[in-house]
Protein chains: 2
Amino acid sequence: MSGKTNAVSLLDRRATRRAASRAEIVEAAWLLVREEGLAGLSMRDLGDRVGMRAQSVYSYFDSKDDIYDAMFRQGYEEQLAWMADDEEAAGGFEDPATRLRVMAHRFFAFCTADPVRYQLLFQRTLPGFEPSAASYAVALAALEQMHAGFAQAGITDPAAADLATAVLTGLTSQQLSNDPGGMRWERLVDRAVTMLIREIAPHLLAKPDKPTTRVRRTP
Amino acid sequence: MSGKTNAVSLLDRRATRRAASRAEIVEAAWLLVREEGLAGLSMRDLGDRVGMRAQSVYSYFDSKDDIYDAMFRQGYEEQLAWMADDEEAAGGFEDPATRLRVMAHRFFAFCTADPVRYQLLFQRTLPGFEPSAASYAVALAALEQMHAGFAQAGITDPAAADLATAVLTGLTSQQLSNDPGGMRWERLVDRAVTMLIREIAPHLLAKPDKPTTRVRRTP
DNA sequence: GTCTATAATCTGATAGAC
DNA sequence: GTCTATCAGATTATAGAC
């Protein structure tokens, strides 16, 4: 019995070490693409970063695209966690409009925190790369989470959700390609959200507990 | 006299031929990046396309980045021409709101017509590439043309123009990274424009020659 | 202005010893 | 699982003949 237990725990240790090495490699890959650009990742540089020969990396990943795939998946897992934190912080205490506003700012922050991650996750800039089915499933889960957030804010019309998503990610890609310091992007996001609410869910602005009958935005 | 004239025209012919070759190379470069991606451009492939050895291309361009720079400039020249055609077609006959709407759709069409051009012009995805001062000046001219269009529609607030630009280019980048066939993007653009007008220039929706007192959009 | 030749370096990936 | 050795080729760019 003890022999079997030892064998199992040995396998466990090996699996753990392997997973740790894989994670280390992926982490190094992120550092590299932030410096050299997404397409500038090379197995040689990657090996140097983790203290291996480039060829040894192939013990952990089948190919370069396999590494991109792991990064892709990790990115969406990060989004899921990041936006879930938001939900938790909201805790159901906020009204739908504020909920939507917080969600928008948080998503904006997630995207702009790492431009190259945004590039990998939301733009098709790597020619030939296609995420695996498993990684794409995580991407779909993140999208679903987003739609669930919209639904909580009373936005069930798919076209409305599309518009909101498009405007939000659009603002992000604008921020990333333009001078990040020159504009008041937080303000721009806030104004866009207000505009969106009035367009797709005006009832959120006419709340009963606040005796504001005017539909216009309060400054 | 005739000698001097001949000399000049000879130089002219040479300059013309040289310009034609440069244009041919740039055109081939566009074809290549549409197939291989923006970062996938190689001097070898480029030479093959124009029927030269790769090394001969260096007679026309100092470096690979010099070619990107020419493409960058040409892209913005195309935008200037494309949007100027729009102005001409409008001819001052349209009301400001329609003017804004047409402008938005036309810009959207320009961007989505060539995804890789959009990538080069509006996104910073080529690591290390910086446009030359001359090319950047063309980019600024295109931006100024855009702002002039907004001004004609009565939108003078810089923040409002920023919001409009961000939402428009944002919708574009969304369309480019997502399934182009799955959504009704033209409708989405139209709805975004209506939303923008109501947000940044509501007076455009309450026109005197159309006795519509309702602020809501007419279907 | 185009060529050949070539420098000098990088690329992803595999075979096989240990 | 890491290494050496290596394949088979790519890359940008330069030198110099013609």
# chains A, B, ... in the order shown; residues from 1 in each chain; ligands from 1

call {"tool": "closest_atom_pairs", "arguments": {"of": "chain A", "to": "chain B", "cutoff": "10 Å", "atoms": "only C-alpha atoms", "output": "tab-separated table"}}
result
residue	atom	partner	partner_atom	distance
A:Val33	CA	B:Pro127	CA	9.8
A:Arg34	CA	B:Pro127	CA	9.7
A:Glu35	CA	B:Pro127	CA	8.4
A:Glu36	CA	B:Pro127	CA	6.4
A:Gly37	CA	B:Pro127	CA	5.5
A:Leu38	CA	B:Thr125	CA	8.2
A:Ala39	CA	B:Ala39	CA	7.0
A:Gly40	CA	B:Pro127	CA	8.1
A:Pro115	CA	B:Arg124	CA	9.8
A:Val116	CA	B:Thr125	CA	8.8
A:Gln119	CA	B:Thr125	CA	8.3
A:Leu121	CA	B:Ser177	CA	9.7
A:Phe122	CA	B:Ser177	CA	6.6
A:Gln123	CA	B:Ser177	CA	4.9
A:Arg124	CA	B:Ser177	CA	5.5
A:Thr125	CA	B:Gly37	CA	7.3
A:Leu126	CA	B:Gly37	CA	7.4
A:Pro127	CA	B:Gly37	CA	5.6
A:Gly128	CA	B:Glu36	CA	8.6
A:Ala159	CA	B:Leu188	CA	7.9
A:Ala160	CA	B:Leu188	CA	9.1
A:Asp162	CA	B:Leu188	CA	8.1
A:Leu163	CA	B:Leu188	CA	6.4
A:Ala164	CA	B:Ala192	CA	9.6
A:Thr165	CA	B:Gln174	CA	8.7
A:Ala166	CA	B:Leu171	CA	5.4
A:Val167	CA	B:Val167	CA	5.6
A:Leu168	CA	B:Gly170	CA	7.8
A:Thr169	CA	B:Gly170	CA	6.6
A:Gly170	CA	B:Gly170	CA	3.0
A:Leu171	CA	B:Ala166	CA	5.4
A:Thr172	CA	B:Gly170	CA	7.6
A:Ser173	CA	B:Gly170	CA	6.4
A:Gln174	CA	B:Ala166	CA	5.8
A:Gln175	CA	B:Ala166	CA	8.2
A:Leu176	CA	B:Gln123	CA	7.8
A:Ser177	CA	B:Gln123	CA	4.9
A:Asn178	CA	B:Gln123	CA	8.1
A:Met183	CA	B:Asp162	CA	8.7
A:Arg184	CA	B:Ala159	CA	9.0
A:Trp185	CA	B:Leu163	CA	9.5
A:Arg187	CA	B:Ala159	CA	9.5
A:Leu188	CA	B:Leu163	CA	6.4
A:Val189	CA	B:Leu163	CA	8.7
A:Arg191	CA	B:Leu163	CA	8.2
A:Ala192	CA	B:Leu163	CA	7.4
A:Thr194	CA	B:Glu199	CA	9.0
A:Met195	CA	B:Glu199	CA	6.3
A:Leu196	CA	B:Met195	CA	7.6
A:Arg198	CA	B:Met195	CA	8.4
A:Glu199	CA	B:Met195	CA	6.2
A:Ile200	CA	B:Met195	CA	9.5
A:Arg216	CA	B:Glu199	CA	9.7
A:Arg217	CA	B:Glu199	CA	9.6

call {"tool": "closest_atom_pairs", "arguments": {"of": "chain B", "to": "chain D", "cutoff": "12 Å", "atoms": "only C-alpha atoms (C1' of nucleotides)", "output": "JSON lines"}}
result
{"residue": "B:Gly40", "atom": "CA", "partner": "D:DT11", "partner_atom": "C1'", "distance": 11.0}
{"residue": "B:Leu41", "atom": "CA", "partner": "D:DT11", "partner_atom": "C1'", "distance": 10.6}
{"residue": "B:Ser42", "atom": "CA", "partner": "D:DT11", "partner_atom": "C1'", "distance": 7.8}
{"residue": "B:Met43", "atom": "CA", "partner": "D:DT12", "partner_atom": "C1'", "distance": 7.9}
{"residue": "B:Arg44", "atom": "CA", "partner": "D:DT11", "partner_atom": "C1'", "distance": 8.9}
{"residue": "B:Asp45", "atom": "CA", "partner": "D:DA10", "partner_atom": "C1'", "distance": 11.2}
{"residue": "B:Ala54", "atom": "CA", "partner": "D:DT12", "partner_atom": "C1'", "distance": 10.0}
{"residue": "B:Gln55", "atom": "CA", "partner": "D:DA13", "partner_atom": "C1'", "distance": 8.0}
{"residue": "B:Ser56", "atom": "CA", "partner": "D:DA13", "partner_atom": "C1'", "distance": 11.1}
{"residue": "B:Val57", "atom": "CA", "partner": "D:DA13", "partner_atom": "C1'", "distance": 11.1}
{"residue": "B:Tyr58", "atom": "CA", "partner": "D:DA13", "partner_atom": "C1'", "distance": 8.7}
{"residue": "B:Ser59", "atom": "CA", "partner": "D:DA13", "partner_atom": "C1'", "distance": 11.9}
{"residue": "B:Phe61", "atom": "CA", "partner": "D:DA13", "partner_atom": "C1'", "distance": 11.9}
{"residue": "B:Asp62", "atom": "CA", "partner": "D:DA13", "partner_atom": "C1'", "distance": 9.8}
{"residue": "B:Ser63", "atom": "CA", "partner": "D:DT12", "partner_atom": "C1'", "distance": 8.3}
{"residue": "B:Lys64", "atom": "CA", "partner": "D:DT12", "partner_atom": "C1'", "distance": 8.2}
{"residue": "B:Asp65", "atom": "CA", "partner": "D:DT12", "partner_atom": "C1'", "distance": 10.9}

call {"tool": "write_last_selection", "arguments": {"atoms": "N, CA, C and O atoms", "output": "PDB file, in the first residue's frame"}}
result
ATOM      1  N   GLY B  40       4.800  39.995 -41.001  1.00  0.00           N
ATOM      2  CA  GLY B  40       5.321  38.900 -41.807  1.00  0.00           C
ATOM      3  C   GLY B  40       5.954  39.324 -43.112  1.00  0.00           C
ATOM      4  O   GLY B  40       6.337  38.483 -43.924  1.00  0.00           O
ATOM      5  N   LEU B  41       6.053  40.635 -43.320  1.00  0.00           N
ATOM      6  CA  LEU B  41       6.660  41.129 -44.557  1.00  0.00           C
ATOM      7  C   LEU B  41       8.160  40.826 -44.596  1.00  0.00           C
ATOM      8  O   LEU B  41       8.870  41.100 -43.628  1.00  0.00           O
ATOM      9  N   SER B  42       8.622  40.275 -45.695  1.00  0.00           N
ATOM     10  CA  SER B  42      10.059  40.011 -45.830  1.00  0.00           C
ATOM     11  C   SER B  42      10.559  40.569 -47.164  1.00  0.00           C
ATOM     12  O   SER B  42       9.829  40.575 -48.164  1.00  0.00           O
ATOM     13  N   MET B  43      11.789  41.016 -47.152  1.00  0.00           N
ATOM     14  CA  MET B  43      12.370  41.617 -48.346  1.00  0.00           C
ATOM     15  C   MET B  43      12.484  40.591 -49.477  1.00  0.00           C
ATOM     16  O   MET B  43      12.338  40.933 -50.649  1.00  0.00           O
ATOM     17  N   ARG B  44      12.734  39.343 -49.118  1.00  0.00           N
ATOM     18  CA  ARG B  44      12.827  38.282 -50.128  1.00  0.00           C
ATOM     19  C   ARG B  44      11.518  38.136 -50.891  1.00  0.00           C
ATOM     20  O   ARG B  44      11.487  38.199 -52.123  1.00  0.00           O
ATOM     21  N   ASP B  45      10.448  37.922 -50.131  1.00  0.00           N
ATOM     22  CA  ASP B  45       9.135  37.765 -50.765  1.00  0.00           C
ATOM     23  C   ASP B  45       8.790  38.998 -51.592  1.00  0.00           C
ATOM     24  O   ASP B  45       8.234  38.896 -52.690  1.00  0.00           O
ATOM     25  N   ALA B  54      15.927  40.402 -53.753  1.00  0.00           N
ATOM     26  CA  ALA B  54      15.582  41.175 -52.565  1.00  0.00           C
ATOM     27  C   ALA B  54      16.539  42.347 -52.362  1.00  0.00           C
ATOM     28  O   ALA B  54      16.133  43.439 -51.943  1.00  0.00           O
ATOM     29  N   GLN B  55      17.806  42.113 -52.683  1.00  0.00           N
ATOM     30  CA  GLN B  55      18.817  43.150 -52.454  1.00  0.00           C
ATOM     31  C   GLN B  55      18.565  44.392 -53.297  1.00  0.00           C
ATOM     32  O   GLN B  55      18.916  45.501 -52.909  1.00  0.00           O
ATOM     33  N   SER B  56      17.969  44.196 -54.469  1.00  0.00           N
ATOM     34  CA  SER B  56      17.743  45.337 -55.357  1.00  0.00           C
ATOM     35  C   SER B  56      16.696  46.288 -54.805  1.00  0.00           C
ATOM     36  O   SER B  56      16.670  47.463 -55.166  1.00  0.00           O
ATOM     37  N   VAL B  57      15.853  45.773 -53.957  1.00  0.00           N
ATOM     38  CA  VAL B  57      14.829  46.637 -53.361  1.00  0.00           C
ATOM     39  C   VAL B  57      15.483  47.760 -52.562  1.00  0.00           C
ATOM     40  O   VAL B  57      14.938  48.860 -52.447  1.00  0.00           O
ATOM     41  N   TYR B  58      16.679  47.474 -52.069  1.00  0.00           N
ATOM     42  CA  TYR B  58      17.382  48.480 -51.265  1.00  0.00           C
ATOM     43  C   TYR B  58      17.817  49.682 -52.105  1.00  0.00           C
ATOM     44  O   TYR B  58      18.254  50.691 -51.557  1.00  0.00           O
ATOM     45  N   SER B  59      17.710  49.571 -53.411  1.00  0.00           N
ATOM     46  CA  SER B  59      17.973  50.739 -54.255  1.00  0.00           C
ATOM     47  C   SER B  59      16.835  51.742 -54.154  1.00  0.00           C
ATOM     48  O   SER B  59      17.007  52.915 -54.469  1.00  0.00           O
ATOM     49  N   PHE B  61      14.419  51.614 -51.324  1.00  0.00           N
ATOM     50  CA  PHE B  61      14.096  51.905 -49.924  1.00  0.00           C
ATOM     51  C   PHE B  61      15.296  51.571 -49.045  1.00  0.00           C
ATOM     52  O   PHE B  61      15.948  50.538 -49.254  1.00  0.00           O
ATOM     53  N   ASP B  62      15.552  52.437 -48.104  1.00  0.00           N
ATOM     54  CA  ASP B  62      16.738  52.271 -47.264  1.00  0.00           C
ATOM     55  C   ASP B  62      16.654  51.043 -46.375  1.00  0.00           C
ATOM     56  O   ASP B  62      17.667  50.419 -46.059  1.00  0.00           O
ATOM     57  N   SER B  63      15.458  50.713 -45.962  1.00  0.00           N
ATOM     58  CA  SER B  63      15.290  49.606 -45.030  1.00  0.00           C
ATOM     59  C   SER B  63      13.851  49.102 -45.085  1.00  0.00           C
ATOM     60  O   SER B  63      13.003  49.670 -45.781  1.00  0.00           O
ATOM     61  N   LYS B  64      13.600  48.076 -44.357  1.00  0.00           N
ATOM     62  CA  LYS B  64      12.248  47.528 -44.289  1.00  0.00           C
ATOM     63  C   LYS B  64      11.296  48.543 -43.655  1.00  0.00           C
ATOM     64  O   LYS B  64      10.166  48.734 -44.118  1.00  0.00           O
ATOM     65  N   ASP B  65      11.765  49.183 -42.603  1.00  0.00           N
ATOM     66  CA  ASP B  65      10.933  50.192 -41.945  1.00  0.00           C
ATOM     67  C   ASP B  65      10.620  51.349 -42.883  1.00  0.00           C
ATOM     68  O   ASP B  65       9.573  51.988 -42.763  1.00  0.00           O
TER      69      ASP B  65
END

call {"tool": "closest_atom_pairs", "arguments": {"of": "chain C", "to": "chain A", "cutoff": "9 Å", "atoms": "only C-alpha atoms (C1' of nucleotides)", "output": "CSV"}}
result
residue,atom,partner,partner_atom,distance
C:DT11,C1',A:Ser42,CA,7.9
C:DG12,C1',A:Met43,CA,7.6
C:DA13,C1',A:Gln55,CA,8.1

call {"tool": "atom_distance", "arguments": {"atom1": "CA of Phe108 in chain A", "atom2": "CA of Met146 in chain A"}}
result
12.6 Å

call {"tool": "atom_distance", "arguments": {"atom1": "C1' of DA8 in chain C", "atom2": "CA of Leu31 in chain A"}}
result
27.0 Å

call {"tool": "residues_around", "arguments": {"residues": "Glu130 in chain B", "least_positions_apart": "6", "cutoff": "10 Å", "atoms": "only C-alpha atoms (C1' of nucleotides)", "output": "JSON, numbers by chain"}}
result
{"B": [65, 66, 68, 69, 72, 124, 136]}

call {"tool": "write_last_selection", "arguments": {"atoms": "N, CA and C atoms", "output": "PDB file, in the first residue's frame"}}
result
ATOM      1  N   ASP B  65      11.765  49.183 -42.603  1.00  0.00           N
ATOM      2  CA  ASP B  65      10.933  50.192 -41.945  1.00  0.00           C
ATOM      3  C   ASP B  65      10.620  51.349 -42.883  1.00  0.00           C
ATOM      4  N   ASP B  66      11.534  51.613 -43.806  1.00  0.00           N
ATOM      5  CA  ASP B  66      11.296  52.668 -44.791  1.00  0.00           C
ATOM      6  C   ASP B  66      10.107  52.300 -45.671  1.00  0.00           C
ATOM      7  N   TYR B  68       7.586  50.274 -44.650  1.00  0.00           N
ATOM      8  CA  TYR B  68       6.426  50.461 -43.767  1.00  0.00           C
ATOM      9  C   TYR B  68       6.026  51.934 -43.726  1.00  0.00           C
ATOM     10  N   ASP B  69       7.031  52.795 -43.691  1.00  0.00           N
ATOM     11  CA  ASP B  69       6.758  54.221 -43.623  1.00  0.00           C
ATOM     12  C   ASP B  69       6.011  54.704 -44.868  1.00  0.00           C
ATOM     13  N   PHE B  72       2.517  53.496 -44.579  1.00  0.00           N
ATOM     14  CA  PHE B  72       1.841  54.314 -43.566  1.00  0.00           C
ATOM     15  C   PHE B  72       1.351  55.624 -44.192  1.00  0.00           C
ATOM     16  N   ARG B 124      -0.819  50.325 -32.781  1.00  0.00           N
ATOM     17  CA  ARG B 124       0.644  50.235 -32.646  1.00  0.00           C
ATOM     18  C   ARG B 124       1.032  48.781 -32.440  1.00  0.00           C
ATOM     19  N   TYR B 136       4.074  61.304 -40.693  1.00  0.00           N
ATOM     20  CA  TYR B 136       3.219  61.625 -39.547  1.00  0.00           C
ATOM     21  C   TYR B 136       2.420  62.896 -39.798  1.00  0.00           C
TER      22      TYR B 136
END

call {"tool": "atom_distance", "arguments": {"atom1": "CA of Ala142 in chain B", "atom2": "CA of Arg73 in chain B"}}
result
10.6 Å

call {"tool": "residues_around", "arguments": {"residues": "Met71 in chain B", "least_positions_apart": "6", "cutoff": "10 Å", "atoms": "only C-alpha atoms (C1' of nucleotides)", "output": "list in words"}}
result
Ala23, Val26, Glu27, Ala29, Trp30, Asp65, Glu77, Arg117, Leu120, Leu121, Pro131 and Ser135 of chain B
